>>> print(open('input_30.cif').read())   # mmCIF, N, CA and C atoms and all ligand atoms
data_my_file
#
loop_
_atom_site.label_atom_id
_atom_site.label_comp_id
_atom_site.auth_asym_id
_atom_site.auth_seq_id
_atom_site.Cartn_x
_atom_site.Cartn_y
_atom_site.Cartn_z
N MET A 1 112.22 69.37 113.46
CA MET A 1 110.92 69.88 113.04
C MET A 1 110.74 71.33 113.52
N LYS A 2 109.97 72.10 112.73
CA LYS A 2 109.69 73.48 113.10
C LYS A 2 108.18 73.73 113.07
N LEU A 3 107.76 74.68 113.88
CA LEU A 3 106.36 75.13 113.82
C LEU A 3 106.38 76.55 113.27
N ILE A 4 105.70 76.73 112.16
CA ILE A 4 105.60 78.06 111.55
C ILE A 4 104.25 78.65 111.93
N LEU A 5 104.29 79.85 112.50
CA LEU A 5 103.05 80.57 112.80
C LEU A 5 103.02 81.78 111.88
N ALA A 6 102.01 81.86 111.04
CA ALA A 6 101.93 82.98 110.10
C ALA A 6 100.63 83.73 110.34
N VAL A 7 100.77 85.01 110.72
CA VAL A 7 99.59 85.87 110.89
C VAL A 7 99.35 86.54 109.54
N VAL A 8 98.20 86.27 108.94
CA VAL A 8 97.91 86.79 107.60
C VAL A 8 96.55 87.48 107.59
N GLN A 9 96.28 88.19 106.52
CA GLN A 9 94.99 88.85 106.41
C GLN A 9 93.92 87.83 106.00
N ASP A 10 92.71 88.04 106.50
CA ASP A 10 91.61 87.11 106.21
C ASP A 10 91.44 86.91 104.70
N GLN A 11 91.62 88.00 103.94
CA GLN A 11 91.39 87.92 102.48
C GLN A 11 92.33 86.92 101.80
N ASP A 12 93.50 86.67 102.39
CA ASP A 12 94.48 85.77 101.77
C ASP A 12 94.42 84.36 102.32
N SER A 13 93.63 84.17 103.38
CA SER A 13 93.76 82.91 104.12
C SER A 13 93.31 81.69 103.32
N ALA A 14 92.20 81.79 102.57
CA ALA A 14 91.71 80.62 101.84
C ALA A 14 92.71 80.21 100.76
N ARG A 15 93.21 81.23 100.03
CA ARG A 15 94.18 80.93 98.97
C ARG A 15 95.45 80.33 99.55
N LEU A 16 95.91 80.88 100.68
CA LEU A 16 97.13 80.37 101.30
C LEU A 16 96.94 78.93 101.78
N MET A 17 95.80 78.65 102.42
CA MET A 17 95.53 77.28 102.89
C MET A 17 95.58 76.30 101.71
N ASN A 18 94.89 76.66 100.61
CA ASN A 18 94.86 75.78 99.44
C ASN A 18 96.26 75.56 98.89
N ALA A 19 97.04 76.65 98.82
CA ALA A 19 98.40 76.53 98.28
C ALA A 19 99.27 75.65 99.18
N MET A 20 99.11 75.79 100.50
CA MET A 20 99.91 74.98 101.42
C MET A 20 99.57 73.49 101.24
N VAL A 21 98.27 73.20 101.15
CA VAL A 21 97.86 71.79 100.99
C VAL A 21 98.35 71.26 99.64
N ASP A 22 98.26 72.10 98.59
CA ASP A 22 98.76 71.68 97.26
C ASP A 22 100.24 71.33 97.32
N HIS A 23 100.97 72.01 98.18
CA HIS A 23 102.41 71.74 98.31
C HIS A 23 102.68 70.71 99.41
N ASN A 24 101.62 70.00 99.81
CA ASN A 24 101.78 68.88 100.74
C ASN A 24 102.18 69.28 102.16
N PHE A 25 101.80 70.49 102.57
CA PHE A 25 102.02 70.87 103.96
C PHE A 25 100.76 70.58 104.76
N ARG A 26 100.93 70.18 105.99
CA ARG A 26 99.79 70.03 106.91
C ARG A 26 99.59 71.35 107.63
N VAL A 27 98.38 71.82 107.65
CA VAL A 27 98.12 73.15 108.22
C VAL A 27 96.90 73.16 109.11
N THR A 28 96.90 74.10 110.04
CA THR A 28 95.73 74.36 110.88
C THR A 28 95.50 75.86 110.89
N LYS A 29 94.24 76.22 110.68
CA LYS A 29 93.90 77.64 110.61
C LYS A 29 93.23 78.06 111.91
N LEU A 30 93.68 79.18 112.47
CA LEU A 30 93.10 79.71 113.71
C LEU A 30 92.57 81.11 113.45
N ALA A 31 91.40 81.41 113.99
CA ALA A 31 90.88 82.78 113.90
C ALA A 31 91.59 83.61 114.95
N SER A 32 92.13 84.77 114.56
CA SER A 32 92.86 85.60 115.51
C SER A 32 92.47 87.07 115.35
N THR A 33 92.94 87.89 116.25
CA THR A 33 92.61 89.31 116.24
C THR A 33 93.87 90.12 116.48
N GLY A 34 94.12 91.10 115.61
CA GLY A 34 95.30 91.96 115.77
C GLY A 34 95.11 92.92 116.93
N GLY A 35 96.12 93.09 117.72
CA GLY A 35 96.03 93.95 118.89
C GLY A 35 95.87 95.43 118.55
N PHE A 36 96.44 95.85 117.43
CA PHE A 36 96.45 97.27 117.08
C PHE A 36 95.14 97.68 116.40
N LEU A 37 94.78 96.98 115.33
CA LEU A 37 93.54 97.32 114.60
C LEU A 37 92.31 96.74 115.29
N LYS A 38 92.51 95.76 116.14
CA LYS A 38 91.42 95.07 116.83
C LYS A 38 90.41 94.50 115.85
N SER A 39 90.94 94.09 114.71
CA SER A 39 90.05 93.44 113.74
C SER A 39 90.60 92.05 113.45
N GLY A 40 89.76 91.25 112.85
CA GLY A 40 90.09 89.84 112.67
C GLY A 40 91.25 89.63 111.71
N ASN A 41 92.11 88.69 112.02
CA ASN A 41 93.06 88.19 111.03
C ASN A 41 93.14 86.68 111.22
N THR A 42 94.03 86.05 110.48
CA THR A 42 94.08 84.58 110.50
C THR A 42 95.49 84.15 110.85
N THR A 43 95.60 83.19 111.74
CA THR A 43 96.91 82.62 112.04
C THR A 43 96.95 81.19 111.50
N ILE A 44 97.94 80.93 110.67
CA ILE A 44 98.10 79.59 110.08
C ILE A 44 99.26 78.92 110.80
N MET A 45 99.00 77.70 111.24
CA MET A 45 99.99 76.92 111.98
C MET A 45 100.46 75.79 111.07
N ILE A 46 101.77 75.73 110.85
CA ILE A 46 102.30 74.70 109.94
C ILE A 46 103.44 73.97 110.64
N GLY A 47 103.24 72.71 110.91
CA GLY A 47 104.33 71.90 111.47
C GLY A 47 105.01 71.17 110.34
N THR A 48 106.33 71.37 110.20
CA THR A 48 107.00 70.74 109.06
C THR A 48 108.47 70.45 109.38
N GLU A 49 109.07 69.61 108.53
CA GLU A 49 110.48 69.27 108.73
C GLU A 49 111.34 70.51 108.43
N ASP A 50 112.50 70.56 109.07
CA ASP A 50 113.39 71.72 108.90
C ASP A 50 113.68 72.03 107.44
N ILE A 51 113.91 70.97 106.64
CA ILE A 51 114.33 71.23 105.26
C ILE A 51 113.20 71.80 104.40
N ARG A 52 111.96 71.75 104.89
CA ARG A 52 110.85 72.27 104.09
C ARG A 52 110.41 73.68 104.52
N VAL A 53 111.11 74.24 105.53
CA VAL A 53 110.70 75.56 106.05
C VAL A 53 110.80 76.64 104.98
N GLU A 54 111.91 76.65 104.23
CA GLU A 54 112.08 77.71 103.21
C GLU A 54 110.98 77.63 102.16
N LYS A 55 110.61 76.39 101.79
CA LYS A 55 109.54 76.23 100.80
C LYS A 55 108.23 76.77 101.36
N ALA A 56 107.95 76.46 102.62
CA ALA A 56 106.72 76.96 103.25
C ALA A 56 106.70 78.48 103.25
N LEU A 57 107.85 79.09 103.57
CA LEU A 57 107.92 80.56 103.61
C LEU A 57 107.69 81.14 102.21
N GLN A 58 108.20 80.44 101.21
CA GLN A 58 108.01 80.92 99.84
C GLN A 58 106.53 80.88 99.45
N VAL A 59 105.85 79.80 99.84
CA VAL A 59 104.41 79.69 99.52
C VAL A 59 103.64 80.80 100.23
N ILE A 60 104.04 81.09 101.48
CA ILE A 60 103.37 82.17 102.22
C ILE A 60 103.61 83.51 101.50
N ARG A 61 104.87 83.74 101.15
CA ARG A 61 105.24 85.00 100.47
C ARG A 61 104.45 85.16 99.18
N ASP A 62 104.30 84.07 98.44
CA ASP A 62 103.63 84.15 97.13
C ASP A 62 102.13 84.34 97.23
N ASN A 63 101.56 84.09 98.40
CA ASN A 63 100.10 84.11 98.48
C ASN A 63 99.52 85.18 99.40
N CYS A 64 100.39 86.02 99.94
CA CYS A 64 99.91 87.06 100.86
C CYS A 64 100.43 88.41 100.41
N LYS A 65 99.57 89.38 100.37
CA LYS A 65 100.06 90.71 99.97
C LYS A 65 99.67 91.77 101.00
N SER A 66 100.49 92.82 101.07
CA SER A 66 100.18 93.87 102.03
C SER A 66 99.13 94.82 101.46
N ARG A 67 98.35 95.40 102.35
CA ARG A 67 97.26 96.29 101.94
C ARG A 67 97.16 97.45 102.94
N GLU A 68 96.60 98.53 102.42
CA GLU A 68 96.28 99.66 103.30
C GLU A 68 94.93 99.39 103.96
N GLN A 69 94.84 99.66 105.22
CA GLN A 69 93.56 99.49 105.91
C GLN A 69 93.25 100.76 106.69
N LEU A 70 92.00 101.17 106.69
CA LEU A 70 91.63 102.37 107.42
C LEU A 70 91.38 102.03 108.88
N MET A 71 91.93 102.87 109.75
CA MET A 71 91.76 102.64 111.18
C MET A 71 90.98 103.81 111.77
N ALA A 72 89.88 103.53 112.43
CA ALA A 72 89.10 104.57 113.10
C ALA A 72 89.82 104.94 114.38
N PRO A 73 90.27 106.19 114.54
CA PRO A 73 91.01 106.56 115.74
C PRO A 73 90.13 106.59 116.98
N VAL A 74 90.73 106.27 118.10
CA VAL A 74 90.01 106.31 119.37
C VAL A 74 90.08 107.74 119.90
N SER A 75 88.98 108.25 120.47
CA SER A 75 89.00 109.63 120.96
C SER A 75 89.94 109.73 122.16
N PRO A 76 90.62 110.89 122.32
CA PRO A 76 91.63 111.00 123.38
C PRO A 76 91.00 110.90 124.76
N MET A 77 91.63 110.14 125.62
CA MET A 77 91.14 109.94 127.00
C MET A 77 91.22 111.26 127.77
N GLY A 78 90.14 111.67 128.33
CA GLY A 78 90.15 112.87 129.15
C GLY A 78 90.26 114.16 128.35
N GLY A 79 90.34 114.03 127.00
CA GLY A 79 90.48 115.21 126.17
C GLY A 79 89.13 115.86 125.92
N ASN A 80 89.17 116.95 125.15
CA ASN A 80 87.93 117.65 124.84
C ASN A 80 87.29 116.98 123.62
N ALA A 81 86.28 116.15 123.85
CA ALA A 81 85.65 115.38 122.79
C ALA A 81 84.94 116.28 121.78
N ASP A 82 84.54 117.52 122.21
CA ASP A 82 83.80 118.42 121.31
C ASP A 82 84.68 118.87 120.14
N SER A 83 85.96 119.12 120.41
CA SER A 83 86.84 119.63 119.37
C SER A 83 87.58 118.50 118.64
N TYR A 84 87.29 117.28 118.98
CA TYR A 84 88.01 116.15 118.41
C TYR A 84 87.34 115.68 117.12
N ILE A 85 88.10 115.72 116.02
CA ILE A 85 87.53 115.27 114.74
C ILE A 85 88.16 113.92 114.39
N PRO A 86 87.38 112.86 114.41
CA PRO A 86 87.95 111.52 114.24
C PRO A 86 88.23 111.17 112.78
N TYR A 87 89.36 111.66 112.25
CA TYR A 87 89.74 111.28 110.88
C TYR A 87 90.27 109.84 110.90
N PRO A 88 89.81 109.02 109.96
CA PRO A 88 90.40 107.68 109.90
C PRO A 88 91.86 107.75 109.42
N VAL A 89 92.68 106.87 109.91
CA VAL A 89 94.10 106.86 109.57
C VAL A 89 94.38 105.61 108.74
N GLU A 90 95.20 105.76 107.70
CA GLU A 90 95.55 104.59 106.90
C GLU A 90 96.74 103.86 107.51
N VAL A 91 96.61 102.55 107.64
CA VAL A 91 97.69 101.74 108.21
C VAL A 91 98.06 100.68 107.18
N GLU A 92 99.35 100.48 106.99
CA GLU A 92 99.79 99.43 106.07
C GLU A 92 99.86 98.10 106.82
N VAL A 93 99.04 97.16 106.43
CA VAL A 93 99.07 95.84 107.07
C VAL A 93 99.87 94.91 106.18
N GLY A 94 100.86 94.28 106.76
CA GLY A 94 101.78 93.44 106.00
C GLY A 94 101.10 92.19 105.46
N GLY A 95 101.76 91.59 104.46
CA GLY A 95 101.25 90.36 103.88
C GLY A 95 101.21 89.23 104.89
N ALA A 96 102.29 89.07 105.63
CA ALA A 96 102.33 88.00 106.63
C ALA A 96 103.38 88.32 107.68
N THR A 97 103.06 88.06 108.92
CA THR A 97 104.03 88.13 110.02
C THR A 97 104.31 86.69 110.44
N VAL A 98 105.56 86.27 110.29
CA VAL A 98 105.85 84.84 110.41
C VAL A 98 106.83 84.56 111.54
N PHE A 99 106.52 83.59 112.35
CA PHE A 99 107.41 83.11 113.41
C PHE A 99 107.77 81.65 113.08
N VAL A 100 109.04 81.30 113.22
CA VAL A 100 109.45 79.91 113.03
C VAL A 100 110.02 79.43 114.37
N LEU A 101 109.36 78.43 114.96
CA LEU A 101 109.74 77.97 116.30
C LEU A 101 110.25 76.54 116.25
N PRO A 102 111.25 76.21 117.07
CA PRO A 102 111.68 74.82 117.13
C PRO A 102 110.62 73.97 117.84
N VAL A 103 110.44 72.76 117.37
CA VAL A 103 109.47 71.86 118.00
C VAL A 103 110.26 70.82 118.79
N GLU A 104 110.03 70.77 120.08
CA GLU A 104 110.78 69.84 120.92
C GLU A 104 110.26 68.41 120.75
N ARG A 105 108.96 68.33 120.57
CA ARG A 105 108.35 67.01 120.47
C ARG A 105 107.06 67.10 119.68
N PHE A 106 106.79 66.09 118.85
CA PHE A 106 105.57 66.08 118.04
C PHE A 106 104.93 64.71 118.21
N GLU A 107 103.70 64.67 118.67
CA GLU A 107 103.00 63.39 118.88
C GLU A 107 101.63 63.48 118.24
N GLN A 108 101.14 62.35 117.76
CA GLN A 108 99.74 62.27 117.31
C GLN A 108 99.15 61.02 117.93
N PHE A 109 98.12 61.18 118.70
CA PHE A 109 97.52 60.03 119.39
C PHE A 109 96.19 59.65 118.75
P1 LIG B 201 93.24 68.29 108.52
O1 LIG B 201 94.34 69.01 107.81
O2 LIG B 201 91.85 68.63 108.11
O3 LIG B 201 93.50 66.72 108.31
C1 LIG B 201 92.60 65.70 108.72
C2 LIG B 201 93.20 64.33 108.46
O4 LIG B 201 93.38 64.15 107.04
C3 LIG B 201 94.57 64.14 109.08
O5 LIG B 201 94.44 63.75 110.42
C4 LIG B 201 95.20 63.09 108.18
O6 LIG B 201 94.80 61.80 108.56
C5 LIG B 201 94.58 63.41 106.82
N1 LIG B 201 95.51 64.21 106.01
C6 LIG B 201 95.80 65.52 106.15
N2 LIG B 201 96.68 65.94 105.22
C7 LIG B 201 96.96 64.86 104.46
C8 LIG B 201 97.79 64.64 103.32
N3 LIG B 201 98.53 65.63 102.80
N4 LIG B 201 97.83 63.41 102.80
C9 LIG B 201 97.10 62.40 103.33
N5 LIG B 201 96.27 62.54 104.40
C10 LIG B 201 96.20 63.75 104.96
P2 LIG B 201 95.54 64.17 111.48
O7 LIG B 201 96.92 63.91 110.91
O8 LIG B 201 95.21 63.48 112.76
O9 LIG B 201 95.40 65.73 111.69
C11 LIG B 201 94.27 66.33 112.27
C12 LIG B 201 94.36 67.82 112.19
O10 LIG B 201 95.52 68.26 112.93
C13 LIG B 201 94.58 68.34 110.77
O11 LIG B 201 93.34 68.53 110.10
C14 LIG B 201 95.31 69.66 111.01
O12 LIG B 201 94.36 70.67 111.37
C15 LIG B 201 96.13 69.36 112.27
N6 LIG B 201 97.51 68.98 111.91
C16 LIG B 201 98.01 67.76 111.78
N7 LIG B 201 99.31 67.80 111.48
C17 LIG B 201 99.65 69.08 111.44
C18 LIG B 201 100.86 69.78 111.18
N8 LIG B 201 102.03 69.14 110.87
N9 LIG B 201 100.85 71.12 111.20
C19 LIG B 201 99.73 71.79 111.47
N10 LIG B 201 98.55 71.20 111.75
C20 LIG B 201 98.51 69.84 111.71
P1 LIG B 202 97.50 94.46 114.25
O1 LIG B 202 98.12 94.44 115.61
O2 LIG B 202 96.04 94.74 114.14
O3 LIG B 202 98.33 95.51 113.38
C1 LIG B 202 97.95 95.89 112.07
C2 LIG B 202 98.96 96.85 111.45
O4 LIG B 202 98.97 98.07 112.20
C3 LIG B 202 100.39 96.33 111.51
O5 LIG B 202 100.64 95.52 110.37
C4 LIG B 202 101.21 97.60 111.52
O6 LIG B 202 101.39 98.11 110.19
C5 LIG B 202 100.31 98.57 112.26
N1 LIG B 202 100.71 98.65 113.68
C6 LIG B 202 100.63 97.69 114.61
N2 LIG B 202 101.06 98.12 115.81
C7 LIG B 202 101.41 99.40 115.62
C8 LIG B 202 101.94 100.42 116.47
N3 LIG B 202 102.18 100.19 117.78
N4 LIG B 202 102.18 101.65 115.92
C9 LIG B 202 101.94 101.91 114.63
N5 LIG B 202 101.43 100.98 113.77
C10 LIG B 202 101.19 99.75 114.25
P2 LIG B 202 101.63 94.29 110.51
O7 LIG B 202 102.89 94.70 111.22
O8 LIG B 202 101.79 93.71 109.14
O9 LIG B 202 100.92 93.23 111.46
C11 LIG B 202 99.75 92.56 111.07
C12 LIG B 202 99.25 91.72 112.23
O10 LIG B 202 100.23 90.73 112.54
C13 LIG B 202 99.04 92.49 113.52
O11 LIG B 202 97.74 93.06 113.52
C14 LIG B 202 99.20 91.40 114.58
O12 LIG B 202 98.00 90.61 114.68
C15 LIG B 202 100.26 90.52 113.95
N6 LIG B 202 101.61 90.84 114.45
C16 LIG B 202 102.49 91.70 113.88
N7 LIG B 202 103.63 91.72 114.60
C17 LIG B 202 103.45 90.87 115.64
C18 LIG B 202 104.28 90.45 116.73
N8 LIG B 202 105.53 90.92 116.90
N9 LIG B 202 103.77 89.54 117.61
C19 LIG B 202 102.53 89.05 117.46
N10 LIG B 202 101.69 89.40 116.44
C20 LIG B 202 102.15 90.31 115.55
#
>>> encode(input="input_30.cif", output="structure tokens", more="lines below")
Ligand code: 2BA
Ligand code: 2BA
Amino acid sequence: MKLILAVVQDQDSARLMNAMVDHNFRVTKLASTGGFLKSGNTTIMIGTEDIRVEKALQVIRDNCKSREQLMAPVSPMGGNADSYIPYPVEVEVGGATVFVLPVERFEQF
């Protein structure tokens, strides 16, 4: 068995959850926050048999797309704030960041 952790954008999470359930995967959705943008994203947890991992990855790939997001820059520490012009910077946020972990044991009580 494997545990798939997929960090996805909030905009894709409902569609991805529905698609996973349609394909008979069991899923759990967690609210998460990206360390860089410090804005909300969604982590989907999928526990599944090894032979279904590729299918799960395909469903994730098909339902998540990358987007440009504007990031408000932080003013420089100790710098001259008067001359600092905070232009927003565009950052490309990926469709999904996926980790596949081995599961040593799975129990349901
Ligand atoms: P839910 O996905 O909301 O599922 C609630 C209950 O509905 C499940 O209880 C199960 O009895 C039933 N169920 C879910 N999917 C089903 C399906 N495809 N066909 C028939 N019945 C289905 P539990 O199995 O005790 O799971 C409770 C919660 O634990 C789940 O909530 C889900 O959030 C999480 N979970 C369970 N197995 C998981 C897995 N393999 N990967 C990720 N999360 C899992
Ligand atoms: P954030 O950390 O908010 O990152 C959002 C996007 O900002 C990233 O998109 C990337 O394009 C950019 N970015 C992140 N750190 C950067 C840096 N040090 N320098 C320049 N640009 C940077 P993605 O790579 O698609 O990641 C989307 C989200 O997935 C991340 O949100 C984070 O929550 C998660 N993630 C990505 N890689 C991860 C990893 N190795 N471990 C844990 N979570 C990860």
>>> residues_around(input="input_30.cif", residues="stretch 39-47 of chain A", least_positions_apart="3", cutoff="7 Å", atoms="only C-alpha atoms", output="PyMOL selection string")
chain A and resi 2-10+13+26-34
>>> atom_distance(input="input_30.cif", atom1="atom C of A:Cys64", atom2="atom C of A:Gly95")
4.6 Å
>>> select_by_dssp(input="input_30.cif", residues="stretch 1-92 of chain A", states="strand (DSSP E)", output="VMD selection string")
chain A and resid 2 to 8 27 to 33 40 to 48 67 to 71 89 to 92
>>> atom_distance(input="input_30.cif", atom1="atom C13 of ligand LIG 202 (chain B)", atom2="atom C of A:Pro73")
17.0 Å
>>> atom_distance(input="input_30.cif", atom1="atom C4 of ligand LIG 201 (chain B)", atom2="atom CA of A:Arg61")
25.3 Å
>>> residues_around(input="input_30.cif", residues="A:Ala19", least_positions_apart="6", cutoff="8 Å", atoms="only N, CA and C atoms", output="PyMOL selection string")
chain A and resi 13+25+59-60+63
>>> select_by_dssp(input="input_30.cif", residues="chain A", states="alpha helix (DSSP H)", output="list in words")
Asp10, Gln11, Asp12, Ser13, Ala14, Arg15, Leu16, Met17, Asn18, Ala19, Met20, Val21, Asp22, Val53, Glu54, Lys55, Ala56, Leu57, Gln58, Val59, Ile60, Arg61, Asp62 and Asn63 of chain A
>>> axis_aligned_box(input="input_30.cif", around="ligand LIG 202 (chain B)", padding_each_side="3 Å", output="AutoDock Vina command-line options")
--center_x 100.8 --center_y 95.5 --center_z 113.5 --size_x 15.5 --size_y 18.9 --size_z 14.6
>>> residues_near_ligand(input="input_30.cif", ligand="ligand LIG 202 (chain B)", cutoff="6 Å", atoms="only C-alpha atoms and all ligand atoms", output="number ranges by chain")
A: 7, 33-38, 91-94, 97
>>> decode(input="input_30.cif", residues="stretch 43-52 of chain A", atoms="all heavy atoms", output="PDB file, in the first residue's frame")
ATOM      1  N   THR A  43      -4.169  19.893   0.692  1.00  0.00           N
ATOM      2  CA  THR A  43      -3.420  18.638   0.615  1.00  0.00           C
ATOM      3  C   THR A  43      -4.417  17.480   0.612  1.00  0.00           C
ATOM      4  O   THR A  43      -5.278  17.391   1.488  1.00  0.00           O
ATOM      5  CB  THR A  43      -2.442  18.503   1.795  1.00  0.00           C
ATOM      6  OG1 THR A  43      -1.529  19.607   1.745  1.00  0.00           O
ATOM      7  CG2 THR A  43      -1.654  17.208   1.721  1.00  0.00           C
ATOM      8  N   ILE A  44      -4.314  16.657  -0.413  1.00  0.00           N
ATOM      9  CA  ILE A  44      -5.205  15.496  -0.533  1.00  0.00           C
ATOM     10  C   ILE A  44      -4.390  14.258  -0.174  1.00  0.00           C
ATOM     11  O   ILE A  44      -3.284  14.056  -0.683  1.00  0.00           O
ATOM     12  CB  ILE A  44      -5.733  15.356  -1.985  1.00  0.00           C
ATOM     13  CG1 ILE A  44      -6.344  16.663  -2.488  1.00  0.00           C
ATOM     14  CG2 ILE A  44      -6.704  14.186  -2.090  1.00  0.00           C
ATOM     15  CD1 ILE A  44      -7.754  16.909  -2.179  1.00  0.00           C
ATOM     16  N   MET A  45      -4.964  13.462   0.714  1.00  0.00           N
ATOM     17  CA  MET A  45      -4.313  12.246   1.196  1.00  0.00           C
ATOM     18  C   MET A  45      -5.055  11.058   0.602  1.00  0.00           C
ATOM     19  O   MET A  45      -6.274  10.968   0.744  1.00  0.00           O
ATOM     20  CB  MET A  45      -4.511  12.234   2.722  1.00  0.00           C
ATOM     21  CG  MET A  45      -3.381  11.786   3.534  1.00  0.00           C
ATOM     22  SD  MET A  45      -3.780  12.143   5.265  1.00  0.00           S
ATOM     23  CE  MET A  45      -4.672  10.664   5.711  1.00  0.00           C
ATOM     24  N   ILE A  46      -4.313  10.201  -0.095  1.00  0.00           N
ATOM     25  CA  ILE A  46      -4.963   9.048  -0.743  1.00  0.00           C
ATOM     26  C   ILE A  46      -4.209   7.785  -0.363  1.00  0.00           C
ATOM     27  O   ILE A  46      -3.038   7.627  -0.728  1.00  0.00           O
ATOM     28  CB  ILE A  46      -4.940   9.193  -2.289  1.00  0.00           C
ATOM     29  CG1 ILE A  46      -5.522  10.538  -2.715  1.00  0.00           C
ATOM     30  CG2 ILE A  46      -5.670   8.038  -2.972  1.00  0.00           C
ATOM     31  CD1 ILE A  46      -4.784  11.186  -3.872  1.00  0.00           C
ATOM     32  N   GLY A  47      -4.852   6.916   0.361  1.00  0.00           N
ATOM     33  CA  GLY A  47      -4.243   5.616   0.671  1.00  0.00           C
ATOM     34  C   GLY A  47      -4.751   4.605  -0.329  1.00  0.00           C
ATOM     35  O   GLY A  47      -5.966   4.437  -0.468  1.00  0.00           O
ATOM     36  N   THR A  48      -3.827   3.957  -1.052  1.00  0.00           N
ATOM     37  CA  THR A  48      -4.292   3.027  -2.089  1.00  0.00           C
ATOM     38  C   THR A  48      -3.285   1.897  -2.312  1.00  0.00           C
ATOM     39  O   THR A  48      -2.132   1.983  -1.879  1.00  0.00           O
ATOM     40  CB  THR A  48      -4.564   3.797  -3.410  1.00  0.00           C
ATOM     41  OG1 THR A  48      -5.225   2.934  -4.316  1.00  0.00           O
ATOM     42  CG2 THR A  48      -3.287   4.310  -4.050  1.00  0.00           C
ATOM     43  N   GLU A  49      -3.754   0.852  -2.995  1.00  0.00           N
ATOM     44  CA  GLU A  49      -2.869  -0.277  -3.294  1.00  0.00           C
ATOM     45  C   GLU A  49      -1.807   0.171  -4.299  1.00  0.00           C
ATOM     46  O   GLU A  49      -2.075   1.036  -5.141  1.00  0.00           O
ATOM     47  CB  GLU A  49      -3.655  -1.445  -3.931  1.00  0.00           C
ATOM     48  CG  GLU A  49      -4.817  -1.959  -3.115  1.00  0.00           C
ATOM     49  CD  GLU A  49      -6.114  -1.231  -3.421  1.00  0.00           C
ATOM     50  OE1 GLU A  49      -6.444  -1.050  -4.603  1.00  0.00           O
ATOM     51  OE2 GLU A  49      -6.780  -0.817  -2.457  1.00  0.00           O
ATOM     52  N   ASP A  50      -0.657  -0.501  -4.246  1.00  0.00           N
ATOM     53  CA  ASP A  50       0.459  -0.132  -5.134  1.00  0.00           C
ATOM     54  C   ASP A  50       0.044  -0.085  -6.601  1.00  0.00           C
ATOM     55  O   ASP A  50       0.428   0.835  -7.329  1.00  0.00           O
ATOM     56  CB  ASP A  50       1.617  -1.142  -4.984  1.00  0.00           C
ATOM     57  CG  ASP A  50       2.302  -1.006  -3.625  1.00  0.00           C
ATOM     58  OD1 ASP A  50       1.674  -0.452  -2.700  1.00  0.00           O
ATOM     59  OD2 ASP A  50       3.455  -1.445  -3.496  1.00  0.00           O
ATOM     60  N   ILE A  51      -0.767  -1.069  -7.023  1.00  0.00           N
ATOM     61  CA  ILE A  51      -1.067  -1.145  -8.462  1.00  0.00           C
ATOM     62  C   ILE A  51      -1.988  -0.016  -8.922  1.00  0.00           C
ATOM     63  O   ILE A  51      -2.128   0.204 -10.119  1.00  0.00           O
ATOM     64  CB  ILE A  51      -1.697  -2.503  -8.880  1.00  0.00           C
ATOM     65  CG1 ILE A  51      -2.942  -2.797  -8.023  1.00  0.00           C
ATOM     66  CG2 ILE A  51      -0.702  -3.631  -8.796  1.00  0.00           C
ATOM     67  CD1 ILE A  51      -3.855  -3.807  -8.698  1.00  0.00           C
ATOM     68  N   ARG A  52      -2.598   0.711  -7.982  1.00  0.00           N
ATOM     69  CA  ARG A  52      -3.496   1.799  -8.388  1.00  0.00           C
ATOM     70  C   ARG A  52      -2.839   3.183  -8.307  1.00  0.00           C
ATOM     71  O   ARG A  52      -3.466   4.197  -8.590  1.00  0.00           O
ATOM     72  CB  ARG A  52      -4.770   1.765  -7.533  1.00  0.00           C
ATOM     73  CG  ARG A  52      -5.549   0.452  -7.693  1.00  0.00           C
ATOM     74  CD  ARG A  52      -7.012   0.615  -7.361  1.00  0.00           C
ATOM     75  NE  ARG A  52      -7.706   1.460  -8.313  1.00  0.00           N
ATOM     76  CZ  ARG A  52      -8.707   2.276  -7.999  1.00  0.00           C
ATOM     77  NH1 ARG A  52      -9.104   2.372  -6.751  1.00  0.00           N
ATOM     78  NH2 ARG A  52      -9.291   2.999  -8.926  1.00  0.00           N
TER      79      ARG A  52
END
